[in-house]
2 protein chains.
Amino acid sequence: MTQAGTNRATMEPAELGLRERKKQRTRRALRIAAIRLVAERGLDGVSVDDIAAAAEVSTRTFFNYFPTKDEAIVGLDPEDIREITEAVSSRPADESPLEALRAVMLQRAALVAPEQADLWPLRLSIIRRHPHLMAANAASWSSYEHALAETVGRRCGLDPARDPYPAVLVAAVLAVVRTLSVRWQEFPGAPLVEVLGQAFDSLARGLPPP
Amino acid sequence: MTQAGTNRATMEPAELGLRERKKQRTRRALRIAAIRLVAERGLDGVSVDDIAAAAEVSTRTFFNYFPTKDEAIVGLDPEDIREITEAVSSRPADESPLEALRAVMLQRAALVAPEQADLWPLRLSIIRRHPHLMAANAASWSSYEHALAETVGRRCGLDPARDPYPAVLVAAVLAVVRTLSVRWQEFPGAPLVEVLGQAFDSLARGLPPP
DNA sequence: AAAATTCTTGCAGAGACTGAATAAATGCAG
DNA sequence: CTGCATTTATTCAGTCTCTGCAAGAATTTT
């Protein structure tokens with residue numbers, strides 16, 4: 001690697017043009033402003049104008065980045081989607097689809113903890129306070145679900161358009177991950193990775209009564 | 001507001017007062033108008049004003065019944081929620097939670113077909129055309145998820161606040177049902193009940209690769 | 001440096017949604 | 001049936017979200 005200097009927590013590939021970097025930065029600024037402000041004042045206590053002002057852009061620009069106020073809070077970056085599908089398709093081929101998803105999701109959950117120690121809990125607490133955002137969350141994952149189902153289908157040689165298995169698997173797994181993430185914020189007993197691991201075990205055993 | 005709880009799950013319209021019956025009727029009129037119009041002209045081609053006009057009530061009244069345009073289309077009636085949780089809790093006690101949910105959901109899916117032959121397919125086609133409505137759908141089920149998790153917890157003697165099993169089970173099952181309902185509209189191969197049955201089998205066996 | 005591309009911004013406007021006041025309908029005595 | 005209390009519907013005014021458009025500023029390319 002030609003990377004001698006260690007970048008901060010934010011890894012910004014210097015290979016991108018200035019324009020692209022600025023875009024990433026405003027996007028991030030808007031998201032952070034949205035999450036911070038809403039966590040503080042509640043969803044109705046913050047207008048898009050406030051968010052845009054806090055990020056030092058015009059209100060119109062906000063809507064160039066996010067189609068909705070909700071998406072600024074719970075939306076996934078397209079980059080994340082790409083990373084996850086890539087991670088799934090590059091798991092060893094002898095793993096079952098469920099095992100592959102398990103590995104990727106656990107790895108992901110483990111990454112979340114240290115990286116954005118601020119933002120992630122804030123997001124979850126907001127979702128807990130405004131349940132309809134859980135749905136907006138699910139909405140932003142829906143395109144992603146499609147992509148993931150495609151990837152899973154490719155792993156086991158199934159056409160997701162013909163065989164429902166990939167769609168069912170992905171839907172179940174993501175629903176469980178979402179549910180437990182929010183719950184975990186509420187009842188922080190064991191670390192999230194552990195809770196998720198047990199849930200995947202339960203899934204793999206057919207959700208038997210404990 | 002002193003509503004004596006109706007012990008039966010069967011519909012007893014005669015016992016309700018005039019006021020209550022009128023409310024049910026406007027609610028239903030609004031929902032039907034919303035679904036019909038949106039199925040015809042698309043979500044953006046229909047305003048709440050249009051819907052209210054079609055149902056012959058004022059615009060403001062629409063919002064007395066539904067908090068959102070989306071909810072008028074995909075929202076569940078509180079009554080449905082009550083029926084479902086009741087059905088689950090009155091399943092034989094020796095069934096596993098997953099089996100109980102399976103039975104109730106299949107029974108439900110079988111009912112849907114003949115009853116509202118018009119509305120149900122329209123709803124699904126709308127959801128397929130406007131993916132974000134799938135999320136709104138999930139949102140309207142979220143309060144319901146809580147209630148169902150509670151019921152499941154009671155069945156197997158678990159406190160849903162302490163043990164994640166009920167929440168996980170319900171989340172997975174509902175996600176699968178939602179996903180397959182929409183898919184089924186898209187690829188109407190086998191009857192929905194059959195497709196759902198196979199998915200429940202798959203779930204019970206730990207989602208093994210086919 | 002000029003041209004081409006892309007991003008930001010302000011503006012005007014449609015539509016979603018809310019609170020409050022008023023009118024109408026319904027339920028319930030007497 | 002008549003008056004009174006409660007619930008529901010409507011009107012009205014207003015805020016906020018979100019979109020299209022056109023002009024201006026920044027970045028990239030030639």
# chains A, B, ... in the order shown; residues from 1 in each chain; ligands from 1
call {"tool": "select_by_dssp", "arguments": {"residues": "range 12-207 of chain A", "states": "helix (DSSP H, G or I)", "output": "PyMOL selection string"}}
result
chain A and resi 18-41+48-54+59-65+69-74+78-89+97-115+119-129+132-140+142-155+165-186+192-204
call {"tool": "interface_residues", "arguments": {"of": "chain A", "to": "chain C", "cutoff": "10 Å", "atoms": "only C-alpha atoms (C1' of nucleotides)", "output": "compact mmCIF listing (two decimals) with N, CA, C and O atoms, in the first residue's frame"}}
result
# COMPACT_ATOMS: atom_id res chain seq x y z
N ARG A 19 -14.13 17.60 -6.08
CA ARG A 19 -15.59 17.68 -6.13
C ARG A 19 -16.22 16.53 -5.34
O ARG A 19 -17.10 16.74 -4.52
N LYS A 23 -18.52 16.54 -1.88
CA LYS A 23 -19.84 15.93 -1.79
C LYS A 23 -19.94 15.01 -0.59
O LYS A 23 -20.88 15.08 0.19
N VAL A 57 -25.40 24.69 4.59
CA VAL A 57 -25.79 24.67 3.19
C VAL A 57 -27.23 25.18 3.11
O VAL A 57 -27.89 25.34 4.14
N SER A 58 -27.69 25.41 1.92
CA SER A 58 -29.06 25.89 1.77
C SER A 58 -30.04 24.73 1.96
O SER A 58 -29.68 23.57 1.84
N THR A 59 -31.27 25.10 2.23
CA THR A 59 -32.29 24.07 2.42
C THR A 59 -32.45 23.24 1.15
O THR A 59 -32.61 22.03 1.20
N ARG A 60 -32.39 23.92 0.01
CA ARG A 60 -32.55 23.21 -1.24
C ARG A 60 -31.47 22.14 -1.42
O ARG A 60 -31.71 21.07 -1.96
N THR A 61 -30.29 22.44 -0.98
CA THR A 61 -29.19 21.49 -1.12
C THR A 61 -29.43 20.23 -0.31
O THR A 61 -29.07 19.13 -0.73
N ASN A 64 -31.01 17.85 -2.31
CA ASN A 64 -30.18 17.28 -3.37
C ASN A 64 -29.45 16.04 -2.87
O ASN A 64 -29.00 15.21 -3.66
call {"tool": "residues_around", "arguments": {"residues": "Arg178 in chain B", "least_positions_apart": "5", "cutoff": "12 Å", "atoms": "only C-alpha atoms (C1' of nucleotides)", "output": "VMD selection string"}}
result
(chain A and resid 167 to 168 171 to 172 175) or (chain B and resid 74 105 109 124 127 to 128 133 to 139 141 171 to 173 183 to 185 192 196 199)
call {"tool": "calpha_fit_rmsd", "arguments": {"fixed": "chain A", "moving": "chain B"}}
result
4.3 Å
call {"tool": "interface_residues", "arguments": {"of": "chain D", "to": "chain B", "cutoff": "9 Å", "atoms": "only C-alpha atoms (C1' of nucleotides)", "output": "PDB file with N, CA and C atoms (P, O5', C5', C4', C3', O3' and C1' of nucleotides), in the first residue's frame"}}
result
ATOM      1  P    DT D   7     -66.789  11.898  24.899  1.00  0.00           P
ATOM      2  O5'  DT D   7     -67.003  11.729  23.329  1.00  0.00           O
ATOM      3  C5'  DT D   7     -68.060  10.908  22.863  1.00  0.00           C
ATOM      4  C4'  DT D   7     -68.303  11.155  21.397  1.00  0.00           C
ATOM      5  C3'  DT D   7     -67.031  11.193  20.532  1.00  0.00           C
ATOM      6  O3'  DT D   7     -67.191  10.270  19.479  1.00  0.00           O
ATOM      7  C1'  DT D   7     -68.407  13.059  20.078  1.00  0.00           C
ATOM      8  P    DT D   8     -66.003  10.011  18.455  1.00  0.00           P
ATOM      9  O5'  DT D   8     -66.426  10.903  17.198  1.00  0.00           O
ATOM     10  C5'  DT D   8     -67.670  10.663  16.559  1.00  0.00           C
ATOM     11  C4'  DT D   8     -67.936  11.733  15.531  1.00  0.00           C
ATOM     12  C3'  DT D   8     -66.823  11.932  14.486  1.00  0.00           C
ATOM     13  O3'  DT D   8     -67.397  11.806  13.202  1.00  0.00           O
ATOM     14  C1'  DT D   8     -67.544  13.988  15.354  1.00  0.00           C
ATOM     15  P    DA D   9     -66.499  12.027  11.899  1.00  0.00           P
ATOM     16  O5'  DA D   9     -66.936  13.495  11.465  1.00  0.00           O
ATOM     17  C5'  DA D   9     -68.264  13.710  11.020  1.00  0.00           C
ATOM     18  C4'  DA D   9     -68.395  15.077  10.382  1.00  0.00           C
ATOM     19  C3'  DA D   9     -67.366  15.389   9.296  1.00  0.00           C
ATOM     20  O3'  DA D   9     -68.047  15.878   8.149  1.00  0.00           O
ATOM     21  C1'  DA D   9     -67.244  17.012  11.039  1.00  0.00           C
ATOM     22  P    DT D  10     -67.206  16.355   6.903  1.00  0.00           P
ATOM     23  O5'  DT D  10     -66.971  17.901   7.204  1.00  0.00           O
ATOM     24  C5'  DT D  10     -68.113  18.744   7.321  1.00  0.00           C
ATOM     25  C4'  DT D  10     -67.660  20.161   7.631  1.00  0.00           C
ATOM     26  C3'  DT D  10     -66.642  20.746   6.639  1.00  0.00           C
ATOM     27  O3'  DT D  10     -67.171  21.935   6.095  1.00  0.00           O
ATOM     28  C1'  DT D  10     -65.973  21.119   8.885  1.00  0.00           C
TER      29       DT D  10
END
call {"tool": "decode", "arguments": {"residues": "range 4-17 of chain C", "atoms": "all heavy atoms", "output": "compact mmCIF listing (two decimals), in the first residue's frame"}}
result
# COMPACT_ATOMS: atom_id res chain seq x y z
P DA C 4 -18.39 24.63 -25.03
OP1 DA C 4 -18.58 23.89 -26.31
OP2 DA C 4 -19.30 25.72 -24.66
O5' DA C 4 -18.38 23.55 -23.86
C5' DA C 4 -17.34 22.55 -23.83
C4' DA C 4 -17.53 21.65 -22.61
O4' DA C 4 -17.08 22.34 -21.43
C3' DA C 4 -18.99 21.24 -22.36
O3' DA C 4 -19.02 19.86 -22.03
C2' DA C 4 -19.40 22.12 -21.19
C1' DA C 4 -18.09 22.28 -20.44
N9 DA C 4 -17.99 23.51 -19.65
C8 DA C 4 -18.43 24.75 -20.00
N7 DA C 4 -18.20 25.68 -19.10
C5 DA C 4 -17.56 24.98 -18.08
C6 DA C 4 -17.05 25.39 -16.84
N6 DA C 4 -17.12 26.65 -16.39
N1 DA C 4 -16.47 24.44 -16.07
C2 DA C 4 -16.41 23.19 -16.51
N3 DA C 4 -16.85 22.69 -17.67
C4 DA C 4 -17.42 23.65 -18.41
P DT C 5 -20.41 19.14 -21.81
OP1 DT C 5 -20.35 17.83 -22.49
OP2 DT C 5 -21.50 20.09 -22.12
O5' DT C 5 -20.40 18.87 -20.24
C5' DT C 5 -19.23 18.27 -19.66
C4' DT C 5 -19.29 18.36 -18.15
O4' DT C 5 -19.06 19.74 -17.75
C3' DT C 5 -20.63 17.95 -17.52
O3' DT C 5 -20.40 16.87 -16.64
C2' DT C 5 -21.12 19.21 -16.81
C1' DT C 5 -19.82 19.98 -16.58
N1 DT C 5 -19.99 21.45 -16.48
C2 DT C 5 -19.44 22.12 -15.43
O2 DT C 5 -18.80 21.55 -14.56
N3 DT C 5 -19.64 23.47 -15.43
C4 DT C 5 -20.34 24.22 -16.37
O4 DT C 5 -20.45 25.43 -16.26
C5 DT C 5 -20.91 23.46 -17.45
C7 DT C 5 -21.68 24.17 -18.52
C6 DT C 5 -20.71 22.12 -17.46
P DT C 6 -21.60 16.11 -15.93
OP1 DT C 6 -21.22 14.68 -15.81
OP2 DT C 6 -22.87 16.51 -16.58
O5' DT C 6 -21.56 16.75 -14.48
C5' DT C 6 -20.29 16.97 -13.84
C4' DT C 6 -20.51 17.80 -12.58
O4' DT C 6 -20.63 19.21 -12.93
C3' DT C 6 -21.79 17.45 -11.81
O3' DT C 6 -21.45 17.27 -10.45
C2' DT C 6 -22.69 18.66 -12.05
C1' DT C 6 -21.66 19.77 -12.16
N1 DT C 6 -22.09 21.01 -12.85
C2 DT C 6 -21.79 22.23 -12.28
O2 DT C 6 -21.17 22.33 -11.23
N3 DT C 6 -22.21 23.33 -12.98
C4 DT C 6 -22.91 23.32 -14.17
O4 DT C 6 -23.24 24.37 -14.70
C5 DT C 6 -23.20 22.02 -14.71
C7 DT C 6 -23.95 21.90 -16.01
C6 DT C 6 -22.78 20.94 -14.04
P DC C 7 -22.55 16.83 -9.34
OP1 DC C 7 -21.96 15.78 -8.49
OP2 DC C 7 -23.85 16.62 -10.02
O5' DC C 7 -22.66 18.16 -8.45
C5' DC C 7 -21.52 19.00 -8.34
C4' DC C 7 -21.74 20.11 -7.32
O4' DC C 7 -22.04 21.33 -8.01
C3' DC C 7 -22.89 19.90 -6.35
O3' DC C 7 -22.51 20.42 -5.06
C2' DC C 7 -24.04 20.67 -6.97
C1' DC C 7 -23.33 21.80 -7.70
N1 DC C 7 -23.99 22.18 -8.98
C2 DC C 7 -24.12 23.53 -9.31
O2 DC C 7 -23.69 24.38 -8.51
N3 DC C 7 -24.72 23.88 -10.46
C4 DC C 7 -25.17 22.93 -11.29
N4 DC C 7 -25.75 23.32 -12.43
C5 DC C 7 -25.03 21.55 -10.98
C6 DC C 7 -24.44 21.22 -9.82
P DT C 8 -23.56 20.54 -3.89
OP1 DT C 8 -22.86 20.37 -2.62
OP2 DT C 8 -24.74 19.70 -4.22
O5' DT C 8 -24.00 22.07 -4.01
C5' DT C 8 -23.04 23.09 -3.74
C4' DT C 8 -23.71 24.45 -3.86
O4' DT C 8 -24.26 24.57 -5.18
C3' DT C 8 -24.87 24.65 -2.88
O3' DT C 8 -24.57 25.77 -2.05
C2' DT C 8 -26.10 24.85 -3.77
C1' DT C 8 -25.49 25.25 -5.11
N1 DT C 8 -26.27 24.84 -6.30
C2 DT C 8 -26.80 25.81 -7.11
O2 DT C 8 -26.66 27.00 -6.91
N3 DT C 8 -27.50 25.33 -8.20
C4 DT C 8 -27.72 24.00 -8.54
O4 DT C 8 -28.36 23.70 -9.53
C5 DT C 8 -27.14 23.04 -7.64
C7 DT C 8 -27.30 21.57 -7.89
C6 DT C 8 -26.45 23.50 -6.57
P DT C 9 -25.52 26.08 -0.81
OP1 DT C 9 -24.71 26.78 0.19
OP2 DT C 9 -26.25 24.84 -0.48
O5' DT C 9 -26.54 27.11 -1.45
C5' DT C 9 -26.03 28.19 -2.26
C4' DT C 9 -27.17 28.91 -2.95
O4' DT C 9 -27.58 28.16 -4.12
C3' DT C 9 -28.43 29.10 -2.10
O3' DT C 9 -28.62 30.48 -1.85
C2' DT C 9 -29.55 28.49 -2.95
C1' DT C 9 -28.93 28.44 -4.35
N1 DT C 9 -29.45 27.37 -5.22
C2 DT C 9 -30.02 27.70 -6.43
O2 DT C 9 -30.11 28.85 -6.83
N3 DT C 9 -30.49 26.64 -7.16
C4 DT C 9 -30.44 25.30 -6.80
O4 DT C 9 -30.90 24.44 -7.54
C5 DT C 9 -29.83 25.02 -5.53
C7 DT C 9 -29.73 23.61 -5.03
C6 DT C 9 -29.38 26.05 -4.80
P DG C 10 -29.56 31.02 -0.72
OP1 DG C 10 -28.87 32.10 0.00
OP2 DG C 10 -30.11 29.86 0.01
O5' DG C 10 -30.73 31.67 -1.59
C5' DG C 10 -30.40 32.55 -2.66
C4' DG C 10 -31.61 32.80 -3.53
O4' DG C 10 -31.84 31.62 -4.35
C3' DG C 10 -32.91 33.05 -2.77
O3' DG C 10 -33.58 34.14 -3.37
C2' DG C 10 -33.67 31.73 -2.91
C1' DG C 10 -33.19 31.22 -4.26
N9 DG C 10 -33.19 29.76 -4.42
C8 DG C 10 -32.77 28.83 -3.50
N7 DG C 10 -32.88 27.60 -3.92
C5 DG C 10 -33.42 27.72 -5.20
C6 DG C 10 -33.76 26.73 -6.15
O6 DG C 10 -33.65 25.51 -6.05
N1 DG C 10 -34.28 27.30 -7.32
C2 DG C 10 -34.42 28.65 -7.53
N2 DG C 10 -34.93 28.99 -8.71
N3 DG C 10 -34.12 29.58 -6.66
C4 DG C 10 -33.62 29.05 -5.52
P DC C 11 -34.91 34.72 -2.79
OP1 DC C 11 -34.84 36.17 -2.99
OP2 DC C 11 -35.12 34.15 -1.43
O5' DC C 11 -35.99 34.12 -3.78
C5' DC C 11 -35.76 34.13 -5.19
C4' DC C 11 -36.93 33.49 -5.89
O4' DC C 11 -36.68 32.07 -6.04
C3' DC C 11 -38.26 33.62 -5.14
O3' DC C 11 -39.28 33.95 -6.04
C2' DC C 11 -38.43 32.25 -4.52
C1' DC C 11 -37.82 31.36 -5.60
N1 DC C 11 -37.36 30.04 -5.12
C2 DC C 11 -37.51 28.92 -5.95
O2 DC C 11 -38.01 29.07 -7.07
N3 DC C 11 -37.10 27.70 -5.50
C4 DC C 11 -36.57 27.58 -4.29
N4 DC C 11 -36.18 26.37 -3.90
C5 DC C 11 -36.41 28.71 -3.43
C6 DC C 11 -36.81 29.90 -3.88
P DA C 12 -40.64 34.52 -5.51
OP1 DA C 12 -40.64 35.96 -5.86
OP2 DA C 12 -40.86 34.11 -4.11
O5' DA C 12 -41.72 33.79 -6.43
C5' DA C 12 -41.30 33.13 -7.64
C4' DA C 12 -42.16 31.91 -7.85
O4' DA C 12 -41.49 30.74 -7.31
C3' DA C 12 -43.52 31.99 -7.13
O3' DA C 12 -44.52 31.50 -8.00
C2' DA C 12 -43.31 31.12 -5.90
C1' DA C 12 -42.37 30.04 -6.45
N9 DA C 12 -41.58 29.35 -5.44
C8 DA C 12 -41.05 29.86 -4.28
N7 DA C 12 -40.39 28.99 -3.57
C5 DA C 12 -40.50 27.81 -4.29
C6 DA C 12 -40.02 26.51 -4.07
N6 DA C 12 -39.29 26.17 -2.99
N1 DA C 12 -40.30 25.57 -4.98
C2 DA C 12 -41.02 25.91 -6.05
N3 DA C 12 -41.52 27.10 -6.38
C4 DA C 12 -41.23 28.02 -5.45
P DG C 13 -46.03 31.49 -7.60
OP1 DG C 13 -46.80 31.89 -8.81
OP2 DG C 13 -46.17 32.24 -6.32
O5' DG C 13 -46.33 29.95 -7.32
C5' DG C 13 -45.83 28.95 -8.21
C4' DG C 13 -46.09 27.58 -7.64
O4' DG C 13 -45.05 27.23 -6.69
C3' DG C 13 -47.42 27.48 -6.86
O3' DG C 13 -48.05 26.27 -7.21
C2' DG C 13 -46.96 27.46 -5.41
C1' DG C 13 -45.66 26.69 -5.54
N9 DG C 13 -44.75 26.83 -4.41
C8 DG C 13 -44.49 27.96 -3.67
N7 DG C 13 -43.64 27.76 -2.71
C5 DG C 13 -43.32 26.41 -2.81
C6 DG C 13 -42.45 25.61 -2.03
O6 DG C 13 -41.76 25.95 -1.06
N1 DG C 13 -42.42 24.30 -2.48
C2 DG C 13 -43.14 23.82 -3.54
N2 DG C 13 -42.98 22.52 -3.83
N3 DG C 13 -43.95 24.55 -4.28
C4 DG C 13 -43.99 25.83 -3.86
P DA C 14 -49.63 26.16 -7.09
OP1 DA C 14 -50.21 26.61 -8.37
OP2 DA C 14 -50.05 26.79 -5.82
O5' DA C 14 -49.84 24.60 -6.97
C5' DA C 14 -49.00 23.71 -7.70
C4' DA C 14 -48.73 22.46 -6.88
O4' DA C 14 -47.73 22.75 -5.87
C3' DA C 14 -49.96 21.91 -6.14
O3' DA C 14 -50.03 20.52 -6.35
C2' DA C 14 -49.71 22.28 -4.69
C1' DA C 14 -48.18 22.27 -4.62
N9 DA C 14 -47.63 23.16 -3.60
C8 DA C 14 -47.93 24.48 -3.40
N7 DA C 14 -47.27 25.02 -2.40
C5 DA C 14 -46.49 23.98 -1.92
C6 DA C 14 -45.57 23.89 -0.85
N6 DA C 14 -45.26 24.94 -0.06
N1 DA C 14 -44.97 22.72 -0.63
C2 DA C 14 -45.28 21.67 -1.42
N3 DA C 14 -46.12 21.63 -2.45
C4 DA C 14 -46.70 22.83 -2.64
P DG C 15 -51.35 19.74 -5.99
OP1 DG C 15 -51.56 18.70 -7.01
OP2 DG C 15 -52.40 20.74 -5.69
O5' DG C 15 -50.98 19.01 -4.63
C5' DG C 15 -49.80 18.22 -4.59
C4' DG C 15 -49.40 18.00 -3.15
O4' DG C 15 -48.89 19.23 -2.60
C3' DG C 15 -50.56 17.57 -2.23
O3' DG C 15 -50.17 16.38 -1.57
C2' DG C 15 -50.71 18.74 -1.26
C1' DG C 15 -49.29 19.29 -1.25
N9 DG C 15 -49.18 20.66 -0.79
C8 DG C 15 -49.84 21.76 -1.27
N7 DG C 15 -49.53 22.86 -0.63
C5 DG C 15 -48.63 22.44 0.34
C6 DG C 15 -47.95 23.18 1.32
O6 DG C 15 -48.02 24.39 1.56
N1 DG C 15 -47.12 22.38 2.09
C2 DG C 15 -46.96 21.03 1.92
N2 DG C 15 -46.12 20.40 2.75
N3 DG C 15 -47.58 20.32 1.00
C4 DG C 15 -48.40 21.09 0.25
P DA C 16 -51.21 15.55 -0.73
OP1 DA C 16 -51.25 14.17 -1.25
OP2 DA C 16 -52.44 16.35 -0.61
O5' DA C 16 -50.48 15.54 0.68
C5' DA C 16 -49.15 15.04 0.76
C4' DA C 16 -48.58 15.29 2.15
O4' DA C 16 -48.50 16.71 2.37
C3' DA C 16 -49.42 14.74 3.30
O3' DA C 16 -48.53 14.24 4.28
C2' DA C 16 -50.17 15.96 3.81
C1' DA C 16 -49.16 17.06 3.56
N9 DA C 16 -49.71 18.40 3.34
C8 DA C 16 -50.60 18.78 2.38
N7 DA C 16 -50.91 20.05 2.40
C5 DA C 16 -50.16 20.55 3.44
C6 DA C 16 -50.02 21.84 3.98
N6 DA C 16 -50.66 22.91 3.51
N1 DA C 16 -49.18 22.00 5.03
C2 DA C 16 -48.53 20.94 5.50
N3 DA C 16 -48.57 19.67 5.08
C4 DA C 16 -49.41 19.55 4.03
P DC C 17 -49.11 13.17 5.33
OP1 DC C 17 -47.97 12.39 5.83
OP2 DC C 17 -50.27 12.49 4.73
O5' DC C 17 -49.62 14.14 6.50
C5' DC C 17 -48.61 14.72 7.31
C4' DC C 17 -49.14 15.90 8.08
O4' DC C 17 -49.69 16.90 7.20
C3' DC C 17 -50.27 15.65 9.09
O3' DC C 17 -49.68 15.51 10.38
C2' DC C 17 -51.14 16.91 8.98
C1' DC C 17 -50.36 17.81 8.04
N1 DC C 17 -51.16 18.75 7.23
C2 DC C 17 -51.14 20.11 7.55
O2 DC C 17 -50.45 20.48 8.50
N3 DC C 17 -51.87 20.97 6.81
C4 DC C 17 -52.61 20.53 5.79
N4 DC C 17 -53.31 21.43 5.08
C5 DC C 17 -52.65 19.15 5.43
C6 DC C 17 -51.91 18.30 6.17
